[in-house]
>>> print(open('entry29.pdb').read())   # PDB, C-alpha atoms
ATOM      1  CA  MET A 905       0.000   0.000   0.000  1.00  0.00           C
ATOM      2  CA  GLU A 906       2.880   2.337   0.776  1.00  0.00           C
ATOM      3  CA  LYS A 907       4.348   1.900  -2.720  1.00  0.00           C
ATOM      4  CA  LYS A 908       0.984   2.577  -4.338  1.00  0.00           C
ATOM      5  CA  GLN A 909       0.697   5.749  -2.293  1.00  0.00           C
ATOM      6  CA  GLN A 910       4.182   6.791  -3.408  1.00  0.00           C
ATOM      7  CA  ILE A 911       3.208   6.207  -7.033  1.00  0.00           C
ATOM      8  CA  LYS A 912       0.137   8.395  -6.575  1.00  0.00           C
ATOM      9  CA  GLN A 913       2.244  11.130  -4.983  1.00  0.00           C
ATOM     10  CA  TYR A 914       4.695  11.035  -7.885  1.00  0.00           C
ATOM     11  CA  CYS A 915       1.779  11.186 -10.315  1.00  0.00           C
ATOM     12  CA  GLN A 916       0.490  14.248  -8.522  1.00  0.00           C
ATOM     13  CA  GLN A 917       3.975  15.806  -8.515  1.00  0.00           C
ATOM     14  CA  PHE A 918       4.497  15.204 -12.236  1.00  0.00           C
ATOM     15  CA  LYS A 919       0.874  16.000 -13.124  1.00  0.00           C
ATOM     16  CA  THR A 920       0.102  12.566 -14.576  1.00  0.00           C
ATOM     17  CA  ALA A 921      -3.404  12.305 -13.172  1.00  0.00           C
ATOM     18  CA  GLY A 922      -4.440   9.764 -15.792  1.00  0.00           C
ATOM     19  CA  ILE A 923      -2.040   7.214 -14.361  1.00  0.00           C
ATOM     20  CA  GLY A 924      -2.699   8.222 -10.761  1.00  0.00           C
ATOM     21  CA  THR A 925      -6.465   7.813 -10.923  1.00  0.00           C
ATOM     22  CA  CYS A 926      -6.397   4.294 -12.335  1.00  0.00           C
ATOM     23  CA  ILE A 927      -3.086   2.928 -11.036  1.00  0.00           C
ATOM     24  CA  GLU A 928      -4.759   0.370  -8.769  1.00  0.00           C
ATOM     25  CA  LYS A 929      -6.803  -1.036 -11.651  1.00  0.00           C
ATOM     26  CA  ILE A 930      -3.726  -1.124 -13.893  1.00  0.00           C
ATOM     27  CA  ILE A 931      -1.698  -2.967 -11.259  1.00  0.00           C
ATOM     28  CA  GLN A 932      -4.503  -5.417 -10.591  1.00  0.00           C
ATOM     29  CA  GLU A 933      -4.828  -6.249 -14.284  1.00  0.00           C
ATOM     30  CA  ALA A 934      -1.046  -6.506 -14.616  1.00  0.00           C
ATOM     31  CA  GLU A 935      -0.869  -8.992 -11.755  1.00  0.00           C
ATOM     32  CA  THR A 936      -3.454 -11.105 -13.581  1.00  0.00           C
ATOM     33  CA  ASN A 937      -2.225 -10.739 -17.175  1.00  0.00           C
ATOM     34  CA  GLN A 938       1.501 -10.353 -16.385  1.00  0.00           C
ATOM     35  CA  PRO A 939       2.441  -8.122 -19.331  1.00  0.00           C
ATOM     36  CA  GLY A 940       6.081  -7.538 -20.245  1.00  0.00           C
ATOM     37  CA  PHE A 941       7.915  -4.368 -19.256  1.00  0.00           C
ATOM     38  CA  LEU A 942       7.290  -2.691 -22.621  1.00  0.00           C
ATOM     39  CA  ASP A 943       3.590  -3.582 -22.622  1.00  0.00           C
ATOM     40  CA  PHE A 944       3.171  -2.383 -19.038  1.00  0.00           C
ATOM     41  CA  THR A 945       4.899   0.912 -19.857  1.00  0.00           C
ATOM     42  CA  LEU A 946       2.617   1.313 -22.875  1.00  0.00           C
ATOM     43  CA  ILE A 947      -0.461   0.677 -20.704  1.00  0.00           C
ATOM     44  CA  LEU A 948       0.637   3.429 -18.283  1.00  0.00           C
ATOM     45  CA  LEU A 949       1.287   5.949 -21.051  1.00  0.00           C
ATOM     46  CA  LYS A 950      -1.967   5.135 -22.840  1.00  0.00           C
ATOM     47  CA  ALA A 951      -3.930   5.681 -19.612  1.00  0.00           C
ATOM     48  CA  GLU A 952      -2.360   9.119 -19.289  1.00  0.00           C
ATOM     49  CA  ALA A 953      -2.929   9.949 -22.957  1.00  0.00           C
ATOM     50  CA  ASP A 954      -6.597   8.902 -22.819  1.00  0.00           C
ATOM     51  CA  HIS A 955      -7.127  10.961 -19.663  1.00  0.00           C
ATOM     52  CA  ARG A 956      -5.621  14.073 -21.225  1.00  0.00           C
ATOM     53  CA  HIS A 957      -7.557  13.591 -24.442  1.00  0.00           C
ATOM     54  CA  GLN A 958     -10.829  13.347 -22.523  1.00  0.00           C
ATOM     55  CA  ASN A 959     -10.027  16.460 -20.490  1.00  0.00           C
ATOM     56  CA  GLU A 960      -9.135  18.357 -23.661  1.00  0.00           C
ATOM     57  CA  LEU A 961     -12.384  17.257 -25.281  1.00  0.00           C
ATOM     58  CA  VAL A 962     -14.404  18.460 -22.287  1.00  0.00           C
ATOM     59  CA  ARG A 963     -12.549  21.784 -22.348  1.00  0.00           C
ATOM     60  CA  GLN A 964     -13.071  22.229 -26.086  1.00  0.00           C
ATOM     61  CA  LEU A 965     -16.773  21.369 -25.883  1.00  0.00           C
ATOM     62  CA  LYS A 966     -17.187  23.980 -23.151  1.00  0.00           C
ATOM     63  CA  SER A 967     -15.304  26.549 -25.205  1.00  0.00           C
ATOM     64  CA  ALA A 968     -17.421  25.747 -28.276  1.00  0.00           C
ATOM     65  CA  LYS A 969     -20.558  26.942 -26.423  1.00  0.00           C
ATOM     66  CA  LEU A 970     -22.858  24.575 -28.241  1.00  0.00           C
ATOM     67  CA  PRO A 971     -26.637  24.740 -27.897  1.00  0.00           C
ATOM     68  CA  ARG A 972     -28.239  22.055 -25.782  1.00  0.00           C
ATOM     69  CA  TYR A 973     -29.478  20.031 -28.751  1.00  0.00           C
ATOM     70  CA  ASN A 974     -26.596  19.137 -31.049  1.00  0.00           C
ATOM     71  CA  ASP A 975     -26.587  15.357 -31.477  1.00  0.00           C
ATOM     72  CA  LEU A 976     -27.147  14.636 -35.166  1.00  0.00           C
ATOM     73  CA  ASP A 977     -27.538  10.926 -34.404  1.00  0.00           C
ATOM     74  CA  ALA A 978     -31.026  11.900 -33.211  1.00  0.00           C
ATOM     75  CA  TYR A 979     -31.873  13.880 -36.345  1.00  0.00           C
ATOM     76  CA  ASP A 980     -35.475  13.466 -37.498  1.00  0.00           C
ATOM     77  CA  TYR A 981     -35.356  12.578 -41.200  1.00  0.00           C
ATOM     78  CA  SER A 982     -39.144  12.398 -41.370  1.00  0.00           C
ATOM     79  CA  SER A 983     -39.222  16.195 -41.203  1.00  0.00           C
ATOM     80  CA  LYS A 984     -39.546  17.464 -44.778  1.00  0.00           C
ATOM     81  CA  ASN A 985     -36.986  20.234 -44.645  1.00  0.00           C
ATOM     82  CA  GLY A 986     -34.990  19.531 -47.769  1.00  0.00           C
ATOM     83  CA  ILE A 987     -31.969  17.585 -46.485  1.00  0.00           C
ATOM     84  CA  GLN A 988     -31.534  13.890 -47.145  1.00  0.00           C
ATOM     85  CA  GLN A 989     -29.813  11.365 -44.914  1.00  0.00           C
ATOM     86  CA  THR A 990     -27.121  10.634 -47.492  1.00  0.00           C
ATOM     87  CA  ARG A 991     -26.305  14.326 -47.784  1.00  0.00           C
ATOM     88  CA  LEU A 992     -26.161  14.801 -44.021  1.00  0.00           C
ATOM     89  CA  ASN A 993     -23.935  11.752 -43.664  1.00  0.00           C
ATOM     90  CA  GLN A 994     -21.621  13.256 -46.252  1.00  0.00           C
ATOM     91  CA  LEU A 995     -21.519  16.552 -44.364  1.00  0.00           C
ATOM     92  CA  ARG A 996     -20.719  14.700 -41.137  1.00  0.00           C
ATOM     93  CA  GLU A 997     -17.617  13.183 -42.717  1.00  0.00           C
ATOM     94  CA  LEU A 998     -16.201  16.747 -42.563  1.00  0.00           C
ATOM     95  CA  ASN A 999     -14.217  16.470 -45.796  1.00  0.00           C
ATOM     96  CA  TRP A1000     -15.447  19.981 -46.604  1.00  0.00           C
ATOM     97  CA  LEU A1001     -13.792  21.188 -43.411  1.00  0.00           C
ATOM     98  CA  ASP A1002     -10.430  19.790 -44.458  1.00  0.00           C
ATOM     99  CA  GLN A1003     -10.871  21.572 -47.801  1.00  0.00           C
ATOM    100  CA  ILE A1004     -11.824  24.842 -46.016  1.00  0.00           C
ATOM    101  CA  TYR A1005     -15.289  24.944 -47.550  1.00  0.00           C
ATOM    102  CA  ASN A1006     -18.183  26.873 -46.037  1.00  0.00           C
ATOM    103  CA  ILE A1007     -21.754  25.720 -45.451  1.00  0.00           C
ATOM    104  CA  MET A1008     -24.670  28.153 -45.656  1.00  0.00           C
ATOM    105  CA  LEU A1009     -27.948  26.882 -44.188  1.00  0.00           C
ATOM    106  CA  MET A1010     -30.852  28.980 -45.419  1.00  0.00           C
ATOM    107  CA  GLY A1011     -34.532  28.755 -44.584  1.00  0.00           C
ATOM    108  CA  PRO A1012     -37.405  29.996 -42.436  1.00  0.00           C
ATOM    109  CA  SER A1013     -37.316  29.876 -38.654  1.00  0.00           C
ATOM    110  CA  GLY A1014     -37.790  26.431 -37.145  1.00  0.00           C
ATOM    111  CA  THR A1015     -36.526  24.358 -40.078  1.00  0.00           C
ATOM    112  CA  GLY A1016     -33.511  22.990 -38.222  1.00  0.00           C
ATOM    113  CA  LYS A1017     -30.735  25.351 -39.304  1.00  0.00           C
ATOM    114  CA  THR A1018     -29.311  25.907 -35.828  1.00  0.00           C
ATOM    115  CA  TYR A1019     -29.604  22.238 -34.888  1.00  0.00           C
ATOM    116  CA  LEU A1020     -27.733  21.142 -38.016  1.00  0.00           C
ATOM    117  CA  ALA A1021     -25.040  23.793 -37.543  1.00  0.00           C
ATOM    118  CA  ALA A1022     -24.568  22.881 -33.880  1.00  0.00           C
ATOM    119  CA  GLY A1023     -24.415  19.188 -34.755  1.00  0.00           C
ATOM    120  CA  LEU A1024     -21.708  19.718 -37.357  1.00  0.00           C
ATOM    121  CA  CYS A1025     -19.795  21.849 -34.866  1.00  0.00           C
ATOM    122  CA  ALA A1026     -20.081  19.098 -32.227  1.00  0.00           C
ATOM    123  CA  ASP A1027     -18.862  16.510 -34.739  1.00  0.00           C
ATOM    124  CA  ALA A1028     -15.869  18.705 -35.513  1.00  0.00           C
ATOM    125  CA  VAL A1029     -14.959  19.135 -31.834  1.00  0.00           C
ATOM    126  CA  ASN A1030     -15.244  15.396 -31.230  1.00  0.00           C
ATOM    127  CA  LYS A1031     -12.875  14.765 -34.138  1.00  0.00           C
ATOM    128  CA  GLY A1032     -10.246  17.113 -32.759  1.00  0.00           C
ATOM    129  CA  TYR A1033     -10.922  20.322 -34.669  1.00  0.00           C
ATOM    130  CA  LYS A1034     -10.983  23.735 -33.024  1.00  0.00           C
ATOM    131  CA  ALA A1035     -14.654  24.550 -33.607  1.00  0.00           C
ATOM    132  CA  TYR A1036     -16.852  27.221 -32.048  1.00  0.00           C
ATOM    133  CA  PHE A1037     -20.547  28.089 -32.134  1.00  0.00           C
ATOM    134  CA  ARG A1038     -21.459  31.779 -31.844  1.00  0.00           C
ATOM    135  CA  THR A1039     -24.530  33.813 -32.624  1.00  0.00           C
ATOM    136  CA  MET A1040     -24.182  36.848 -34.854  1.00  0.00           C
ATOM    137  CA  GLU A1041     -24.810  39.043 -31.794  1.00  0.00           C
ATOM    138  CA  GLU A1042     -22.095  37.334 -29.749  1.00  0.00           C
ATOM    139  CA  LEU A1043     -19.598  37.674 -32.579  1.00  0.00           C
ATOM    140  CA  THR A1044     -20.264  41.358 -33.267  1.00  0.00           C
ATOM    141  CA  ASN A1045     -20.209  42.177 -29.542  1.00  0.00           C
ATOM    142  CA  MET A1046     -16.843  40.456 -29.182  1.00  0.00           C
ATOM    143  CA  LEU A1047     -15.434  42.372 -32.147  1.00  0.00           C
ATOM    144  CA  SER A1048     -16.699  45.628 -30.661  1.00  0.00           C
ATOM    145  CA  MET A1049     -15.117  44.956 -27.261  1.00  0.00           C
ATOM    146  CA  LYS A1050     -11.848  43.198 -28.140  1.00  0.00           C
ATOM    147  CA  ASP A1051      -9.842  46.425 -27.773  1.00  0.00           C
ATOM    148  CA  PHE A1052     -11.350  47.146 -24.371  1.00  0.00           C
ATOM    149  CA  THR A1053     -11.646  43.891 -22.404  1.00  0.00           C
ATOM    150  CA  LYS A1054      -9.242  40.982 -21.881  1.00  0.00           C
ATOM    151  CA  THR A1055     -11.992  38.374 -22.210  1.00  0.00           C
ATOM    152  CA  SER A1056     -13.073  39.700 -25.622  1.00  0.00           C
ATOM    153  CA  LEU A1057      -9.465  39.886 -26.780  1.00  0.00           C
ATOM    154  CA  ALA A1058      -8.884  36.287 -25.668  1.00  0.00           C
ATOM    155  CA  GLU A1059     -12.038  35.252 -27.524  1.00  0.00           C
ATOM    156  CA  TYR A1060     -10.841  37.100 -30.626  1.00  0.00           C
ATOM    157  CA  LYS A1061      -7.487  35.306 -30.563  1.00  0.00           C
ATOM    158  CA  ARG A1062      -9.240  31.968 -29.986  1.00  0.00           C
ATOM    159  CA  LEU A1063     -11.596  32.380 -32.937  1.00  0.00           C
ATOM    160  CA  SER A1064      -8.820  33.699 -35.168  1.00  0.00           C
ATOM    161  CA  LYS A1065      -7.125  30.281 -34.899  1.00  0.00           C
ATOM    162  CA  ALA A1066     -10.301  28.227 -35.375  1.00  0.00           C
ATOM    163  CA  ASN A1067     -10.757  25.448 -37.901  1.00  0.00           C
ATOM    164  CA  LEU A1068     -14.516  26.072 -37.880  1.00  0.00           C
ATOM    165  CA  ILE A1069     -16.760  28.906 -36.753  1.00  0.00           C
ATOM    166  CA  VAL A1070     -20.542  28.652 -36.770  1.00  0.00           C
ATOM    167  CA  ILE A1071     -22.296  32.009 -37.087  1.00  0.00           C
ATOM    168  CA  ASP A1072     -25.916  31.487 -36.122  1.00  0.00           C
ATOM    169  CA  ASP A1073     -28.692  33.804 -37.334  1.00  0.00           C
ATOM    170  CA  ILE A1074     -26.432  36.006 -39.442  1.00  0.00           C
ATOM    171  CA  MET A1075     -28.232  39.126 -40.694  1.00  0.00           C
ATOM    172  CA  LEU A1076     -31.270  38.426 -38.539  1.00  0.00           C
ATOM    173  CA  PHE A1077     -31.194  42.073 -37.423  1.00  0.00           C
ATOM    174  CA  PRO A1078     -29.783  45.203 -39.056  1.00  0.00           C
ATOM    175  CA  VAL A1079     -26.097  45.753 -38.300  1.00  0.00           C
ATOM    176  CA  GLU A1080     -24.527  49.113 -37.507  1.00  0.00           C
ATOM    177  CA  LYS A1081     -21.873  50.292 -39.954  1.00  0.00           C
ATOM    178  CA  LYS A1082     -19.030  50.061 -37.444  1.00  0.00           C
ATOM    179  CA  GLN A1083     -19.989  46.503 -36.500  1.00  0.00           C
ATOM    180  CA  ALA A1084     -20.381  45.552 -40.162  1.00  0.00           C
ATOM    181  CA  VAL A1085     -16.875  46.794 -40.966  1.00  0.00           C
ATOM    182  CA  ALA A1086     -15.445  44.904 -37.977  1.00  0.00           C
ATOM    183  CA  LEU A1087     -17.233  41.735 -39.102  1.00  0.00           C
ATOM    184  CA  PHE A1088     -15.899  42.078 -42.630  1.00  0.00           C
ATOM    185  CA  ASN A1089     -12.354  42.625 -41.373  1.00  0.00           C
ATOM    186  CA  PHE A1090     -12.575  39.511 -39.208  1.00  0.00           C
ATOM    187  CA  ILE A1091     -13.951  37.358 -42.034  1.00  0.00           C
ATOM    188  CA  ASN A1092     -11.396  38.773 -44.445  1.00  0.00           C
ATOM    189  CA  GLN A1093      -8.616  37.876 -42.021  1.00  0.00           C
ATOM    190  CA  THR A1094      -9.760  34.301 -41.373  1.00  0.00           C
ATOM    191  CA  TYR A1095     -11.650  32.945 -44.392  1.00  0.00           C
ATOM    192  CA  GLU A1096      -8.609  31.455 -46.131  1.00  0.00           C
ATOM    193  CA  ASN A1097      -7.790  29.215 -43.143  1.00  0.00           C
ATOM    194  CA  THR A1098     -11.153  28.812 -41.410  1.00  0.00           C
ATOM    195  CA  SER A1099     -14.401  27.178 -42.496  1.00  0.00           C
ATOM    196  CA  PHE A1100     -17.725  28.794 -41.620  1.00  0.00           C
ATOM    197  CA  VAL A1101     -21.168  27.344 -41.126  1.00  0.00           C
ATOM    198  CA  ILE A1102     -23.730  30.111 -41.455  1.00  0.00           C
ATOM    199  CA  THR A1103     -27.415  29.967 -40.625  1.00  0.00           C
ATOM    200  CA  THR A1104     -29.691  32.656 -42.011  1.00  0.00           C
ATOM    201  CA  ASN A1105     -33.293  33.299 -42.960  1.00  0.00           C
ATOM    202  CA  LYS A1106     -32.252  36.072 -45.328  1.00  0.00           C
ATOM    203  CA  MET A1107     -31.442  35.673 -49.010  1.00  0.00           C
ATOM    204  CA  PRO A1108     -28.010  36.998 -50.018  1.00  0.00           C
ATOM    205  CA  ALA A1109     -29.752  39.819 -51.860  1.00  0.00           C
ATOM    206  CA  ASP A1110     -31.200  41.000 -48.531  1.00  0.00           C
ATOM    207  CA  TRP A1111     -27.818  41.326 -46.825  1.00  0.00           C
ATOM    208  CA  ALA A1112     -27.241  44.786 -48.277  1.00  0.00           C
ATOM    209  CA  LYS A1113     -30.383  45.995 -46.498  1.00  0.00           C
ATOM    210  CA  MET A1114     -29.241  44.543 -43.167  1.00  0.00           C
ATOM    211  CA  LEU A1115     -25.806  46.132 -43.535  1.00  0.00           C
ATOM    212  CA  ASP A1116     -27.109  49.292 -45.210  1.00  0.00           C
ATOM    213  CA  ASP A1117     -24.117  48.995 -47.538  1.00  0.00           C
ATOM    214  CA  GLU A1118     -24.306  47.121 -50.829  1.00  0.00           C
ATOM    215  CA  VAL A1119     -20.549  47.229 -51.461  1.00  0.00           C
ATOM    216  CA  LEU A1120     -19.740  45.800 -48.020  1.00  0.00           C
ATOM    217  CA  ALA A1121     -22.423  43.117 -48.342  1.00  0.00           C
ATOM    218  CA  THR A1122     -21.070  42.082 -51.734  1.00  0.00           C
ATOM    219  CA  ALA A1123     -17.512  41.881 -50.412  1.00  0.00           C
ATOM    220  CA  LEU A1124     -18.623  39.824 -47.402  1.00  0.00           C
ATOM    221  CA  LEU A1125     -20.668  37.410 -49.514  1.00  0.00           C
ATOM    222  CA  ASP A1126     -17.797  37.107 -51.969  1.00  0.00           C
ATOM    223  CA  ARG A1127     -15.615  35.641 -49.228  1.00  0.00           C
ATOM    224  CA  PHE A1128     -18.312  33.370 -47.827  1.00  0.00           C
ATOM    225  CA  LEU A1129     -19.526  32.052 -51.183  1.00  0.00           C
ATOM    226  CA  TYR A1130     -16.169  31.560 -52.912  1.00  0.00           C
ATOM    227  CA  LYS A1131     -16.014  27.961 -51.620  1.00  0.00           C
ATOM    228  CA  CYS A1132     -19.455  27.296 -50.228  1.00  0.00           C
ATOM    229  CA  GLU A1133     -22.270  24.757 -50.260  1.00  0.00           C
ATOM    230  CA  ILE A1134     -25.682  26.421 -49.956  1.00  0.00           C
ATOM    231  CA  ILE A1135     -28.369  24.228 -48.411  1.00  0.00           C
ATOM    232  CA  ASN A1136     -31.962  25.454 -48.554  1.00  0.00           C
ATOM    233  CA  LEU A1137     -34.239  24.169 -45.809  1.00  0.00           C
ATOM    234  CA  ALA A1138     -37.974  24.463 -46.403  1.00  0.00           C
ATOM    235  CA  GLY A1139     -41.160  23.379 -44.688  1.00  0.00           C
ATOM    236  CA  ASN A1140     -43.029  24.409 -41.569  1.00  0.00           C
ATOM    237  CA  SER A1141     -41.432  25.190 -38.227  1.00  0.00           C
ATOM    238  CA  TYR A1142     -40.434  22.021 -36.365  1.00  0.00           C
ATOM    239  CA  ARG A1143     -40.910  23.864 -33.056  1.00  0.00           C
ATOM    240  CA  MET A1144     -44.459  24.929 -33.891  1.00  0.00           C
ATOM    241  CA  LYS A1145     -45.301  21.457 -35.152  1.00  0.00           C
ATOM    242  CA  ASN A1146     -44.054  19.915 -31.905  1.00  0.00           C
ATOM    243  CA  ARG A1147     -44.893  22.710 -29.517  1.00  0.00           C
ATOM    244  CA  LYS A1148     -45.620  21.887 -25.884  1.00  0.00           C
ATOM    245  CA  THR A1149     -48.672  22.783 -23.835  1.00  0.00           C
ATOM    246  CA  ILE A1150     -49.301  23.003 -20.102  1.00  0.00           C
ATOM    247  CA  PHE A1151     -52.884  21.754 -20.482  1.00  0.00           C
ATOM    248  CA  GLU A1152     -54.109  18.200 -20.621  1.00  0.00           C
ATOM    249  CA  PRO A1153     -56.056  17.244 -23.778  1.00  0.00           C
ATOM    250  CA  GLU A1154     -59.736  17.990 -23.368  1.00  0.00           C
ATOM    251  CA  LYS A1155     -62.032  14.986 -23.130  1.00  0.00           C
ATOM    252  CA  ASN A1156     -65.097  14.872 -25.379  1.00  0.00           C
TER     253      ASN A1156
END
>>> encode(input="entry29.pdb", output="structure tokens")
Amino acid sequence: MEKKQQIKQYCQQFKTAGIGTCIEKIIQEAETNQPGFLDFTLILLKAEADHRHQNELVRQLKSAKLPRYNDLDAYDYSSKNGIQQTRLNQLRELNWLDQIYNIMLMGPSGTGKTYLAAGLCADAVNKGYKAYFRTMEELTNMLSMKDFTKTSLAEYKRLSKANLIVIDDIMLFPVEKKQAVALFNFINQTYENTSFVITTNKMPADWAKMLDDEVLATALLDRFLYKCEIINLAGNSYRMKNRKTIFEPEKN
């Protein structure tokens, strides 16, 4: 017992918590299976590597700020919103992300744009990409405050190095000129090395109205659409179709 305690203390000292937390199980299995020295060393290192990978995944998922519902394994294909299972499976392979392609999800409210975008972002995080989910409001607020607060500056640096950024509800509301310029500068800086998934209920032609600047809207769309797959989602709102009620059904 004393030697096990010493091992745990060394693990704590050298910050190898993966080994320290499961050392008793590893030793017990080793006493049964009697692996060689190389195999036993490999078991120890793998335990540490798995522990660190899991911690990094938890940290990255927290940093991604995903919506609550993001598991595409539970996607309802019976909903007639214009995307087929084969196409979604292809998107989930993330080959487009490796090729630095963008995805634009267009359609009315409630057709699953945010859910699809969040699901693709979650898939990317789980596969080791630096992926983040932000609303248009969160992104523009960060860009407005990055020169004034440390948290916004840290967020700016984080997103600048992203493999994937989801911008949810882009152009849902009119954007002030200063914010529009800051958004363009950010996209212009990152679009060659970062993929974007964009959800919007506005046609590209309507972006000029939201930005109140046709030239800026054209330049922004030019960078988004240069390498982009546009997916139109149609149909009625899934939320309205499946809305909840506090009342019990009335009996005839």
>>> closest_atom_pairs(input="entry29.pdb", of="range 1015-1128 of chain A", to="range 999-1005 of chain A", cutoff="9 Å", atoms="all atoms listed in the file", output="tab-separated table")
residue	atom	partner	partner_atom	distance
A:Ala1028	CA	A:Leu1001	CA	8.5
A:Asn1067	CA	A:Leu1001	CA	7.6
A:Leu1068	CA	A:Leu1001	CA	7.4
A:Tyr1095	CA	A:Ile1004	CA	8.3
A:Glu1096	CA	A:Ile1004	CA	7.4
A:Asn1097	CA	A:Ile1004	CA	6.6
A:Thr1098	CA	A:Ile1004	CA	6.1
A:Ser1099	CA	A:Ile1004	CA	4.9
A:Phe1100	CA	A:Tyr1005	CA	7.5
A:Phe1128	CA	A:Tyr1005	CA	9.0
>>> closest_residue(input="entry29.pdb", among="A:Thr1018, A:Ser1056, A:Gln1093, A:Thr1044", to="Glu1080 in chain A", atoms="all atoms listed in the file")
A:Thr1044
>>> resolve_selection(input="entry29.pdb", expression="the PyMOL selection byres ((chain A and resi 964) around 12)", output="count of residues only")
28
>>> axis_aligned_box(input="entry29.pdb", around="range 1026-1042 of chain A", padding_each_side="3 Å", output="lines of an AutoDock Vina configuration file")
center_x = -17.5
center_y = 26.9
center_z = -32.6
size_x = 20.6
size_y = 30.3
size_z = 11.8
>>> closest_residue(input="entry29.pdb", among="A:Leu1047, A:Val1085, A:Cys915, A:Met1114", to="Ile927 in chain A", atoms="all atoms listed in the file")
A:Cys915
>>> resolve_selection(input="entry29.pdb", expression="the PyMOL selection byres ((chain A and resi 977) around 12)", output="ChimeraX atom specification")
/A:973-976,978-981,989,992-993,996,1019-1020,1023-1024,1026-1027
>>> atom_distance(input="entry29.pdb", atom1="CA of Lys1050 in chain A", atom2="CA of Ala1086 in chain A")
10.6 Å
